[in-house]
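Listing of structure-v5.pdb; format and content: PDB, C-alpha atoms.
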ATOM      1  CA  MET A 127      -3.224 -22.405   8.172  1.00  0.00           C
ATOM      2  CA  CYS A 128      -4.595 -19.864   9.788  1.00  0.00           C
ATOM      3  CA  THR A 129      -7.262 -21.562  11.472  1.00  0.00           C
ATOM      4  CA  ARG A 130      -4.034 -22.656  12.431  1.00  0.00           C
ATOM      5  CA  CYS A 131      -3.259 -19.214  13.824  1.00  0.00           C
ATOM      6  CA  ILE A 132      -6.620 -18.102  15.152  1.00  0.00           C
ATOM      7  CA  SER A 133      -8.605 -19.262  18.125  1.00  0.00           C
ATOM      8  CA  PRO A 134     -10.933 -22.252  17.687  1.00  0.00           C
ATOM      9  CA  ALA A 135     -13.692 -19.928  18.845  1.00  0.00           C
ATOM     10  CA  ALA A 136     -13.217 -17.892  15.664  1.00  0.00           C
ATOM     11  CA  VAL A 137     -14.376 -20.731  13.428  1.00  0.00           C
ATOM     12  CA  GLY A 138     -17.159 -19.317  11.311  1.00  0.00           C
ATOM     13  CA  PRO A 139     -20.352 -20.955  10.125  1.00  0.00           C
ATOM     14  CA  THR A 140     -18.974 -21.746   6.676  1.00  0.00           C
ATOM     15  CA  LEU A 141     -16.858 -24.713   7.746  1.00  0.00           C
ATOM     16  CA  SER A 142     -17.171 -26.768  10.910  1.00  0.00           C
ATOM     17  CA  ARG A 143     -14.293 -27.925  13.095  1.00  0.00           C
ATOM     18  CA  ARG A 144     -15.397 -31.510  12.504  1.00  0.00           C
ATOM     19  CA  SER A 145     -15.245 -31.055   8.730  1.00  0.00           C
ATOM     20  CA  PHE A 146     -11.806 -29.507   9.028  1.00  0.00           C
ATOM     21  CA  CYS A 147     -10.436 -32.315  11.175  1.00  0.00           C
ATOM     22  CA  GLN A 148     -11.746 -34.925   8.759  1.00  0.00           C
ATOM     23  CA  ALA A 149     -10.105 -33.087   5.881  1.00  0.00           C
ATOM     24  CA  THR A 150      -6.659 -33.028   7.494  1.00  0.00           C
ATOM     25  CA  ALA A 151      -6.159 -36.796   7.334  1.00  0.00           C
ATOM     26  CA  VAL A 152      -2.881 -37.800   5.700  1.00  0.00           C
ATOM     27  CA  LEU A 153      -3.480 -39.199   2.210  1.00  0.00           C
ATOM     28  CA  GLY A 154      -0.051 -40.690   1.639  1.00  0.00           C
ATOM     29  CA  ALA A 155       0.544 -39.108  -1.774  1.00  0.00           C
ATOM     30  CA  LEU A 156       4.052 -38.310  -2.987  1.00  0.00           C
ATOM     31  CA  ALA A 157       3.016 -34.997  -4.493  1.00  0.00           C
ATOM     32  CA  THR A 158       0.268 -32.419  -4.136  1.00  0.00           C
ATOM     33  CA  ARG A 159      -3.149 -34.064  -4.114  1.00  0.00           C
ATOM     34  CA  PRO A 160      -6.399 -32.182  -3.490  1.00  0.00           C
ATOM     35  CA  ALA A 161      -8.450 -33.557  -0.624  1.00  0.00           C
ATOM     36  CA  VAL A 162     -12.130 -32.648  -0.614  1.00  0.00           C
ATOM     37  CA  ALA A 163     -12.844 -30.564   2.485  1.00  0.00           C
ATOM     38  CA  ALA A 164     -16.328 -29.052   2.636  1.00  0.00           C
ATOM     39  CA  GLU A 165     -18.742 -27.140   0.434  1.00  0.00           C
ATOM     40  CA  GLY A 166     -16.610 -27.609  -2.659  1.00  0.00           C
ATOM     41  CA  LEU A 167     -13.328 -26.461  -1.079  1.00  0.00           C
ATOM     42  CA  LEU A 168     -10.103 -28.437  -1.346  1.00  0.00           C
ATOM     43  CA  GLU A 169      -7.314 -28.909   1.175  1.00  0.00           C
ATOM     44  CA  PRO A 170      -4.288 -30.203  -0.772  1.00  0.00           C
ATOM     45  CA  THR A 171      -1.965 -32.754   0.751  1.00  0.00           C
ATOM     46  CA  LEU A 172       1.766 -32.494   0.073  1.00  0.00           C
ATOM     47  CA  ARG A 173       4.432 -35.091   0.846  1.00  0.00           C
ATOM     48  CA  LEU A 174       8.123 -35.223  -0.021  1.00  0.00           C
ATOM     49  CA  ARG A 175       8.994 -36.954  -3.264  1.00  0.00           C
ATOM     50  CA  GLY A 176      11.268 -39.912  -3.741  1.00  0.00           C
ATOM     51  CA  PRO A 177      12.467 -42.692  -1.467  1.00  0.00           C
ATOM     52  CA  ALA A 178      14.448 -41.969   1.662  1.00  0.00           C
ATOM     53  CA  THR A 179      17.801 -43.544   2.374  1.00  0.00           C
ATOM     54  CA  PRO A 180      16.999 -46.978   3.820  1.00  0.00           C
ATOM     55  CA  GLY A 181      16.441 -46.712   7.534  1.00  0.00           C
ATOM     56  CA  THR A 182      16.135 -42.921   7.437  1.00  0.00           C
ATOM     57  CA  LYS A 183      13.010 -40.857   8.022  1.00  0.00           C
ATOM     58  CA  ARG A 184      12.785 -37.514   6.208  1.00  0.00           C
ATOM     59  CA  VAL A 185      10.330 -34.760   7.053  1.00  0.00           C
ATOM     60  CA  ALA A 186       9.874 -31.146   6.020  1.00  0.00           C
ATOM     61  CA  LEU A 187       9.047 -28.717   8.818  1.00  0.00           C
ATOM     62  CA  THR A 188       7.068 -25.720   7.557  1.00  0.00           C
ATOM     63  CA  LEU A 189       6.061 -22.728   9.671  1.00  0.00           C
ATOM     64  CA  ASP A 190       3.384 -20.228   8.696  1.00  0.00           C
ATOM     65  CA  ALA A 191       4.157 -16.587   9.447  1.00  0.00           C
ATOM     66  CA  CYS A 192       0.607 -15.278   9.378  1.00  0.00           C
ATOM     67  CA  PRO A 193      -0.177 -11.760  10.613  1.00  0.00           C
ATOM     68  CA  GLY A 194       0.870 -11.912  14.258  1.00  0.00           C
ATOM     69  CA  GLY A 195       4.013 -11.986  16.364  1.00  0.00           C
ATOM     70  CA  PHE A 196       7.309 -13.872  16.283  1.00  0.00           C
ATOM     71  CA  ASP A 197       7.748 -17.025  18.344  1.00  0.00           C
ATOM     72  CA  ARG A 198      11.445 -16.763  19.105  1.00  0.00           C
ATOM     73  CA  ARG A 199      11.236 -19.943  21.198  1.00  0.00           C
ATOM     74  CA  ILE A 200      10.805 -21.979  18.026  1.00  0.00           C
ATOM     75  CA  ALA A 201      13.169 -20.022  15.795  1.00  0.00           C
ATOM     76  CA  SER A 202      15.961 -19.912  18.370  1.00  0.00           C
ATOM     77  CA  TYR A 203      15.771 -23.651  18.996  1.00  0.00           C
ATOM     78  CA  LEU A 204      15.890 -24.427  15.260  1.00  0.00           C
ATOM     79  CA  ALA A 205      18.852 -22.092  14.800  1.00  0.00           C
ATOM     80  CA  ASP A 206      20.750 -23.434  17.806  1.00  0.00           C
ATOM     81  CA  ASP A 207      20.261 -27.075  16.813  1.00  0.00           C
ATOM     82  CA  GLY A 208      20.720 -26.536  13.065  1.00  0.00           C
ATOM     83  CA  VAL A 209      17.246 -27.715  12.017  1.00  0.00           C
ATOM     84  CA  PRO A 210      16.187 -26.502   8.549  1.00  0.00           C
ATOM     85  CA  ALA A 211      12.642 -25.246   8.068  1.00  0.00           C
ATOM     86  CA  THR A 212      10.565 -23.568   5.385  1.00  0.00           C
ATOM     87  CA  ILE A 213       8.889 -20.331   6.481  1.00  0.00           C
ATOM     88  CA  PHE A 214       5.720 -19.292   4.637  1.00  0.00           C
ATOM     89  CA  LEU A 215       5.744 -15.499   4.958  1.00  0.00           C
ATOM     90  CA  THR A 216       2.907 -13.008   4.614  1.00  0.00           C
ATOM     91  CA  SER A 217       3.507  -9.387   3.665  1.00  0.00           C
ATOM     92  CA  ALA A 218       1.710  -8.393   6.870  1.00  0.00           C
ATOM     93  CA  TRP A 219       4.100 -10.438   9.036  1.00  0.00           C
ATOM     94  CA  ILE A 220       7.137  -8.964   7.303  1.00  0.00           C
ATOM     95  CA  ARG A 221       5.916  -5.414   8.016  1.00  0.00           C
ATOM     96  CA  ARG A 222       5.081  -6.109  11.653  1.00  0.00           C
ATOM     97  CA  ASN A 223       8.155  -8.142  12.634  1.00  0.00           C
ATOM     98  CA  PRO A 224      11.376  -6.522  11.423  1.00  0.00           C
ATOM     99  CA  ALA A 225      13.393  -8.046  14.276  1.00  0.00           C
ATOM    100  CA  GLY A 226      11.953 -11.476  13.608  1.00  0.00           C
ATOM    101  CA  LEU A 227      12.718 -11.188   9.905  1.00  0.00           C
ATOM    102  CA  ALA A 228      16.279 -10.098  10.704  1.00  0.00           C
ATOM    103  CA  PHE A 229      16.709 -13.192  12.900  1.00  0.00           C
ATOM    104  CA  LEU A 230      15.534 -15.469  10.092  1.00  0.00           C
ATOM    105  CA  LEU A 231      17.788 -13.741   7.563  1.00  0.00           C
ATOM    106  CA  ASP A 232      20.747 -14.197   9.892  1.00  0.00           C
ATOM    107  CA  HIS A 233      20.193 -17.973   9.516  1.00  0.00           C
ATOM    108  CA  ARG A 234      19.572 -18.264   5.809  1.00  0.00           C
ATOM    109  CA  ASP A 235      21.505 -21.515   5.714  1.00  0.00           C
ATOM    110  CA  LEU A 236      18.607 -23.064   7.642  1.00  0.00           C
ATOM    111  CA  PHE A 237      15.486 -21.106   6.719  1.00  0.00           C
ATOM    112  CA  ALA A 238      13.917 -21.132   3.263  1.00  0.00           C
ATOM    113  CA  PHE A 239      11.193 -18.591   2.463  1.00  0.00           C
ATOM    114  CA  GLU A 240       7.945 -19.219   0.598  1.00  0.00           C
ATOM    115  CA  ASN A 241       4.723 -17.332  -0.063  1.00  0.00           C
ATOM    116  CA  HIS A 242       1.757 -17.158   2.328  1.00  0.00           C
ATOM    117  CA  GLY A 243       0.159 -14.159   0.610  1.00  0.00           C
ATOM    118  CA  GLY A 244      -0.094 -10.427   0.913  1.00  0.00           C
ATOM    119  CA  ARG A 245      -3.122  -9.776   3.101  1.00  0.00           C
ATOM    120  CA  HIS A 246      -3.619 -13.350   4.342  1.00  0.00           C
ATOM    121  CA  LEU A 247      -6.828 -13.869   2.394  1.00  0.00           C
ATOM    122  CA  PRO A 248      -8.130 -17.413   1.839  1.00  0.00           C
ATOM    123  CA  PRO A 249      -7.945 -18.310  -1.882  1.00  0.00           C
ATOM    124  CA  VAL A 250     -11.652 -18.988  -1.976  1.00  0.00           C
ATOM    125  CA  LEU A 251     -14.264 -17.646  -4.374  1.00  0.00           C
ATOM    126  CA  GLY A 252     -17.471 -15.952  -3.291  1.00  0.00           C
ATOM    127  CA  ASP A 253     -18.664 -13.634  -0.559  1.00  0.00           C
ATOM    128  CA  ARG A 254     -17.891 -15.744   2.481  1.00  0.00           C
ATOM    129  CA  SER A 255     -15.610 -16.135   5.492  1.00  0.00           C
ATOM    130  CA  ILE A 256     -13.401 -19.112   6.330  1.00  0.00           C
ATOM    131  CA  TYR A 257     -12.525 -19.493  10.007  1.00  0.00           C
ATOM    132  CA  GLY A 258     -13.274 -15.837  10.529  1.00  0.00           C
ATOM    133  CA  LEU A 259     -11.097 -14.679   7.609  1.00  0.00           C
ATOM    134  CA  ARG A 260     -12.755 -12.924   4.687  1.00  0.00           C
ATOM    135  CA  ALA A 261     -12.203 -14.854   1.461  1.00  0.00           C
ATOM    136  CA  ALA A 262     -10.406 -13.218  -1.449  1.00  0.00           C
ATOM    137  CA  GLY A 263     -13.650 -13.650  -3.376  1.00  0.00           C
ATOM    138  CA  THR A 264     -12.517 -13.474  -7.020  1.00  0.00           C
ATOM    139  CA  LEU A 265      -9.760 -14.963  -9.149  1.00  0.00           C
ATOM    140  CA  ASP A 266      -8.340 -11.482  -9.730  1.00  0.00           C
ATOM    141  CA  ALA A 267      -8.152 -10.892  -5.977  1.00  0.00           C
ATOM    142  CA  ILE A 268      -6.503 -14.286  -5.485  1.00  0.00           C
ATOM    143  CA  ARG A 269      -3.891 -13.487  -8.126  1.00  0.00           C
ATOM    144  CA  ARG A 270      -3.194 -10.132  -6.431  1.00  0.00           C
ATOM    145  CA  GLU A 271      -2.809 -11.894  -3.083  1.00  0.00           C
ATOM    146  CA  VAL A 272      -0.250 -14.285  -4.546  1.00  0.00           C
ATOM    147  CA  GLU A 273       1.598 -11.615  -6.533  1.00  0.00           C
ATOM    148  CA  THR A 274       1.777  -9.189  -3.609  1.00  0.00           C
ATOM    149  CA  GLY A 275       3.165 -11.837  -1.277  1.00  0.00           C
ATOM    150  CA  ALA A 276       5.752 -12.935  -3.823  1.00  0.00           C
ATOM    151  CA  ALA A 277       6.883  -9.368  -4.532  1.00  0.00           C
ATOM    152  CA  ASP A 278       7.178  -8.410  -0.858  1.00  0.00           C
ATOM    153  CA  ILE A 279       9.120 -11.558  -0.001  1.00  0.00           C
ATOM    154  CA  ARG A 280      11.458 -10.939  -2.921  1.00  0.00           C
ATOM    155  CA  ARG A 281      12.109  -7.383  -1.720  1.00  0.00           C
ATOM    156  CA  ALA A 282      12.581  -8.401   1.899  1.00  0.00           C
ATOM    157  CA  THR A 283      14.656 -11.564   1.425  1.00  0.00           C
ATOM    158  CA  GLY A 284      15.830 -11.728  -2.187  1.00  0.00           C
ATOM    159  CA  THR A 285      13.978 -15.032  -2.601  1.00  0.00           C
ATOM    160  CA  GLN A 286      12.043 -15.905  -5.730  1.00  0.00           C
ATOM    161  CA  THR A 287       9.310 -18.011  -4.145  1.00  0.00           C
ATOM    162  CA  ARG A 288       8.137 -21.233  -5.758  1.00  0.00           C
ATOM    163  CA  TRP A 289       5.393 -22.376  -3.364  1.00  0.00           C
ATOM    164  CA  TYR A 290       2.204 -20.630  -2.302  1.00  0.00           C
ATOM    165  CA  ARG A 291       0.164 -21.645   0.734  1.00  0.00           C
ATOM    166  CA  GLY A 292      -3.164 -19.898   1.116  1.00  0.00           C
ATOM    167  CA  ALA A 293      -4.567 -18.666   4.406  1.00  0.00           C
ATOM    168  CA  THR A 294      -6.547 -21.508   6.071  1.00  0.00           C
ATOM    169  CA  GLY A 295      -5.033 -24.062   3.662  1.00  0.00           C
ATOM    170  CA  LEU A 296      -8.390 -24.274   1.844  1.00  0.00           C
ATOM    171  CA  TYR A 297      -8.893 -23.446  -1.832  1.00  0.00           C
ATOM    172  CA  SER A 298     -11.604 -23.190  -4.417  1.00  0.00           C
ATOM    173  CA  PRO A 299     -10.750 -25.625  -7.242  1.00  0.00           C
ATOM    174  CA  ALA A 300     -10.534 -22.765  -9.743  1.00  0.00           C
ATOM    175  CA  ALA A 301      -8.109 -20.960  -7.441  1.00  0.00           C
ATOM    176  CA  ILE A 302      -5.706 -23.904  -7.493  1.00  0.00           C
ATOM    177  CA  LYS A 303      -5.666 -23.863 -11.295  1.00  0.00           C
ATOM    178  CA  ALA A 304      -5.104 -20.107 -11.367  1.00  0.00           C
ATOM    179  CA  ILE A 305      -2.252 -20.246  -8.833  1.00  0.00           C
ATOM    180  CA  GLU A 306      -0.540 -23.104 -10.640  1.00  0.00           C
ATOM    181  CA  ALA A 307      -0.889 -21.205 -13.918  1.00  0.00           C
ATOM    182  CA  MET A 308       1.129 -18.412 -12.260  1.00  0.00           C
ATOM    183  CA  GLY A 309       3.992 -20.870 -11.798  1.00  0.00           C
ATOM    184  CA  PHE A 310       3.531 -21.715  -8.106  1.00  0.00           C
ATOM    185  CA  GLY A 311       3.208 -25.095  -6.483  1.00  0.00           C
ATOM    186  CA  ILE A 312       0.433 -25.400  -3.919  1.00  0.00           C
ATOM    187  CA  GLY A 313       2.041 -25.580  -0.479  1.00  0.00           C
ATOM    188  CA  GLY A 314      -0.054 -28.305   1.043  1.00  0.00           C
ATOM    189  CA  TYR A 315       0.933 -30.473   3.996  1.00  0.00           C
ATOM    190  CA  SER A 316       0.315 -33.931   5.360  1.00  0.00           C
ATOM    191  CA  LEU A 317       0.517 -33.316   9.112  1.00  0.00           C
ATOM    192  CA  ASN A 318      -1.150 -30.389  10.875  1.00  0.00           C
ATOM    193  CA  ALA A 319       0.817 -30.161  14.104  1.00  0.00           C
ATOM    194  CA  ASP A 320      -0.779 -27.337  16.072  1.00  0.00           C
ATOM    195  CA  MET A 321      -4.227 -26.632  14.562  1.00  0.00           C
ATOM    196  CA  GLY A 322      -3.720 -22.887  14.450  1.00  0.00           C
ATOM    197  CA  ALA A 323      -1.475 -22.798  17.509  1.00  0.00           C
ATOM    198  CA  SER A 324      -4.574 -23.832  19.456  1.00  0.00           C
ATOM    199  CA  LEU A 325      -3.440 -27.155  20.924  1.00  0.00           C
ATOM    200  CA  PRO A 326      -1.673 -27.842  24.256  1.00  0.00           C
ATOM    201  CA  ALA A 327       2.080 -28.302  24.143  1.00  0.00           C
ATOM    202  CA  ALA A 328       1.934 -32.014  24.954  1.00  0.00           C
ATOM    203  CA  THR A 329      -0.552 -32.677  22.166  1.00  0.00           C
ATOM    204  CA  VAL A 330       1.513 -30.760  19.622  1.00  0.00           C
ATOM    205  CA  ALA A 331       4.678 -32.596  20.674  1.00  0.00           C
ATOM    206  CA  SER A 332       2.942 -35.966  20.246  1.00  0.00           C
ATOM    207  CA  ARG A 333       1.646 -35.040  16.792  1.00  0.00           C
ATOM    208  CA  VAL A 334       5.064 -33.887  15.603  1.00  0.00           C
ATOM    209  CA  GLU A 335       6.842 -36.914  17.066  1.00  0.00           C
ATOM    210  CA  ALA A 336       4.416 -39.199  15.177  1.00  0.00           C
ATOM    211  CA  ALA A 337       5.516 -37.821  11.774  1.00  0.00           C
ATOM    212  CA  ARG A 338       6.109 -40.473   9.124  1.00  0.00           C
ATOM    213  CA  ASP A 339       8.728 -40.545   6.421  1.00  0.00           C
ATOM    214  CA  GLY A 340       7.884 -37.949   3.764  1.00  0.00           C
ATOM    215  CA  ASP A 341       5.554 -35.881   5.910  1.00  0.00           C
ATOM    216  CA  VAL A 342       5.264 -32.139   5.404  1.00  0.00           C
ATOM    217  CA  ILE A 343       4.469 -30.689   8.829  1.00  0.00           C
ATOM    218  CA  VAL A 344       2.623 -27.387   9.179  1.00  0.00           C
ATOM    219  CA  CYS A 345       2.710 -25.303  12.340  1.00  0.00           C
ATOM    220  CA  HIS A 346       2.932 -21.644  13.321  1.00  0.00           C
ATOM    221  CA  LEU A 347       5.611 -19.085  14.105  1.00  0.00           C
ATOM    222  CA  THR A 348       3.249 -16.321  15.169  1.00  0.00           C
ATOM    223  CA  GLN A 349       1.933 -17.091  18.656  1.00  0.00           C
ATOM    224  CA  PRO A 350       4.754 -16.608  21.186  1.00  0.00           C
ATOM    225  CA  LYS A 351       2.377 -16.550  24.164  1.00  0.00           C
ATOM    226  CA  ARG A 352       0.652 -19.844  23.428  1.00  0.00           C
ATOM    227  CA  PRO A 353       1.918 -23.206  24.714  1.00  0.00           C
ATOM    228  CA  SER A 354       1.803 -24.836  21.275  1.00  0.00           C
ATOM    229  CA  GLY A 355       5.202 -23.366  20.388  1.00  0.00           C
ATOM    230  CA  LEU A 356       6.861 -25.318  23.190  1.00  0.00           C
ATOM    231  CA  GLY A 357       5.215 -28.441  21.820  1.00  0.00           C
ATOM    232  CA  ILE A 358       6.762 -27.853  18.401  1.00  0.00           C
ATOM    233  CA  VAL A 359      10.201 -27.615  19.994  1.00  0.00           C
ATOM    234  CA  ALA A 360       9.660 -30.770  22.047  1.00  0.00           C
ATOM    235  CA  GLY A 361       8.336 -32.702  19.058  1.00  0.00           C
ATOM    236  CA  VAL A 362      11.250 -31.718  16.815  1.00  0.00           C
ATOM    237  CA  LYS A 363      13.708 -32.686  19.554  1.00  0.00           C
ATOM    238  CA  ALA A 364      12.055 -36.095  19.766  1.00  0.00           C
ATOM    239  CA  LEU A 365      12.289 -36.589  16.000  1.00  0.00           C
ATOM    240  CA  ARG A 366      15.976 -35.687  16.074  1.00  0.00           C
ATOM    241  CA  LEU A 367      16.571 -38.302  18.747  1.00  0.00           C
ATOM    242  CA  GLN A 368      14.987 -40.799  16.334  1.00  0.00           C
ATOM    243  CA  GLY A 369      17.546 -39.808  13.694  1.00  0.00           C
ATOM    244  CA  THR A 370      15.010 -37.981  11.513  1.00  0.00           C
ATOM    245  CA  VAL A 371      16.441 -35.920   8.651  1.00  0.00           C
ATOM    246  CA  PHE A 372      14.853 -32.495   8.197  1.00  0.00           C
ATOM    247  CA  THR A 373      14.701 -30.989   4.746  1.00  0.00           C
ATOM    248  CA  HIS A 374      13.208 -28.094   2.816  1.00  0.00           C
ATOM    249  CA  LEU A 375      10.397 -28.671   0.330  1.00  0.00           C
ATOM    250  CA  ASP A 376      11.138 -30.197  -3.041  1.00  0.00           C
ATOM    251  CA  ALA A 377      10.749 -28.060  -6.126  1.00  0.00           C
ATOM    252  CA  PRO A 378       7.136 -28.012  -7.398  1.00  0.00           C
ATOM    253  CA  ALA A 379       6.340 -30.509 -10.134  1.00  0.00           C
ATOM    254  CA  ALA A 380       6.729 -29.081 -13.631  1.00  0.00           C
TER
END
Output the file's structure as structure tokens, nothing else.
Amino acid sequence: MCTRCISPAAVGPTLSRRSFCQATAVLGALATRPAVAAEGLLEPTLRLRGPATPGTKRVALTLDACPGGFDRRIASYLADDGVPATIFLTSAWIRRNPAGLAFLLDHRDLFAFENHGGRHLPPVLGDRSIYGLRAAGTLDAIRREVETGAADIRRATGTQTRWYRGATGLYSPAAIKAIEAMGFGIGGYSLNADMGASLPAATVASRVEAARDGDVIVCHLTQPKRPSGLGIVAGVKALRLQGTVFTHLDAPAA
């Protein structure tokens, strides 16, 4: 999200931190399910489909590449230990981080690429801000945001994206219908690990380590100077010691 990648102090008056935290509770669905957040916005939950092999815990690690830097600490650890992850790219991140993109492309066997939008605009209708980010405002603007992100990712990586995750992870209900009509699954999540890269490393590690079978974890690849990145590494290491299997996202439901 990209509360997820902005300071807690940037939270605007539209949505309170308390409302956000309440909305991030895991719902336990096996597919995308919209959770009511605040003021008519939805925060969809996504979990992996299907049963795991008995005795095995599966999780999907997803990393948002919002406008910002490149946290090589996370990417290098995942590459060195062979941990697959799904990277939700923005056009802005691609332009600003050519070296980071090259690193990810050098490890295409591990990293899958999905769509986090062109300008990193929340897919929310109306003249408002969400966590300090100006909303797209109209369905046409939301469609442009999705299309631009998809086109830029295709040019940069050769990937035809199937999932779209909006900035902030919050959506107007009409936006969800419009995005799905474009052929994209909504890239929700069931475990918010770093709350916009705002949490201490120990807290992030504990949240990641507590992942349940089927969880889709969201965290951030854009804040190399914040301690949360070290927490992601520590939490993933702990899950691996438990024998957790990491996987990419399933295909969206037809």
Going by the chain IDs and residue numbers used in this file, which residues fall under the PyMOL selection byres ((chain A and resi 237-246) around 6)? Write them as a list of chain:residue names. A:Pro210, A:Ala211, A:Thr212, A:Ile213, A:Phe214, A:Leu215, A:Thr216, A:Ser217, A:Arg234, A:Leu236, A:Leu247, A:Glu271, A:Val272, A:Thr274, A:Gly275, A:Ala276, A:Thr287, A:Trp289, A:Tyr290, A:Arg291, A:Gly292, A:Ala293
**Message:** Need the shell around Leu251 of chain A: protein/DNA/RNA residues with any atom at most 9 Å away, counting all atoms listed in the file. Skip same-chain ones fewer than 2 positions apart. Format as JSON, numbers by chain?
**Reply:** {"A": [248, 249, 253, 254, 261, 262, 263, 264, 265, 268, 297, 298, 300, 301]}
Name the residues in contact with Ile220 of chain A at a cut-off of 9 Å, using only C-alpha atoms, excluding same-chain residues fewer than 3 positions from it; report them as a list of chain:residue names.
A:Ala191, A:Pro193, A:Leu215, A:Thr216, A:Ser217, A:Asn223, A:Pro224, A:Gly226, A:Leu227, A:Asp278, A:Ile279, A:Ala282
The PyMOL selection byres ((chain A and resi 194-201) around 9) on the file shown: which residues, as a ChimeraX atom specification?
/A:131,191-193,202-206,218-219,222-223,225-227,229-230,346-351,355-356,358-359
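Compared by their closest atoms to Lys363 of chain A, and using all atoms listed in the file, the residues A:Val344, A:Asp266, A:Thr188, A:Ser332 rank with A:Ser332 nearest.
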Draw an axis-aligned box over all listed atoms of segment 320-336 of chain A, pad each side with 4 Å, and write its centre and edge lengths in Å, one decimal, as lines of an AutoDock Vina configuration file.
center_x = 1.1
center_y = -31.0
center_z = 19.7
size_x = 19.4
size_y = 24.4
size_z = 18.5
Practice task
Give the answer as one residue: which of A:Arg338, A:Arg269, A:His374, A:Arg333 has the shortest atom-to-atom distance to Gly361 of chain A, using only C-alpha atoms?
Solution key: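 Closest to Gly361 of chain A of all the choices is A:Arg333.
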From atom CA of Ile343 of chain A to atom CA of Leu189 of chain A the spacing works out at 8.2 Å
Between atom CA of Arg175 of chain A and atom CA of Gly313 of chain A lies a distance of 13.6 Å
- prompt: With all atoms listed in the file as the basis for distance, which of A:Ala186, A:Ala360, A:Leu167, A:Val371 is at the shortest distance from Tyr315 of chain A?
  reply: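 Smallest separation from Tyr315 of chain A among the options: A:Ala186.
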re atom CA of Gln286 of chain A and atom CA of Asp207 of chain A: distance 26.5 Å
Of A:Lys183, A:Arg270, A:Arg352, A:Arg281, the one sitting nearest Ser324 of chain A when using all atoms listed in the file is A:Arg352
Run through the PyMOL selection byres ((chain A and resi 318) around 8) on the given coordinates and return the selected residues as an mmCIF file with C-alpha atoms, keeping the file's coordinate frame.
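So the final result, stored in part_29.cif, reads:
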data_model
loop_
_atom_site.group_PDB
_atom_site.id
_atom_site.type_symbol
_atom_site.label_atom_id
_atom_site.label_comp_id
_atom_site.auth_asym_id
_atom_site.auth_seq_id
_atom_site.Cartn_x
_atom_site.Cartn_y
_atom_site.Cartn_z
ATOM 1 C CA THR A 150 -6.659 -33.028 7.494
ATOM 2 C CA TYR A 315 0.933 -30.473 3.996
ATOM 3 C CA SER A 316 0.315 -33.931 5.360
ATOM 4 C CA LEU A 317 0.517 -33.316 9.112
ATOM 5 C CA ALA A 319 0.817 -30.161 14.104
ATOM 6 C CA ASP A 320 -0.779 -27.337 16.072
ATOM 7 C CA MET A 321 -4.227 -26.632 14.562
ATOM 8 C CA ILE A 343 4.469 -30.689 8.829
ATOM 9 C CA VAL A 344 2.623 -27.387 9.179
ATOM 10 C CA CYS A 345 2.710 -25.303 12.340
#
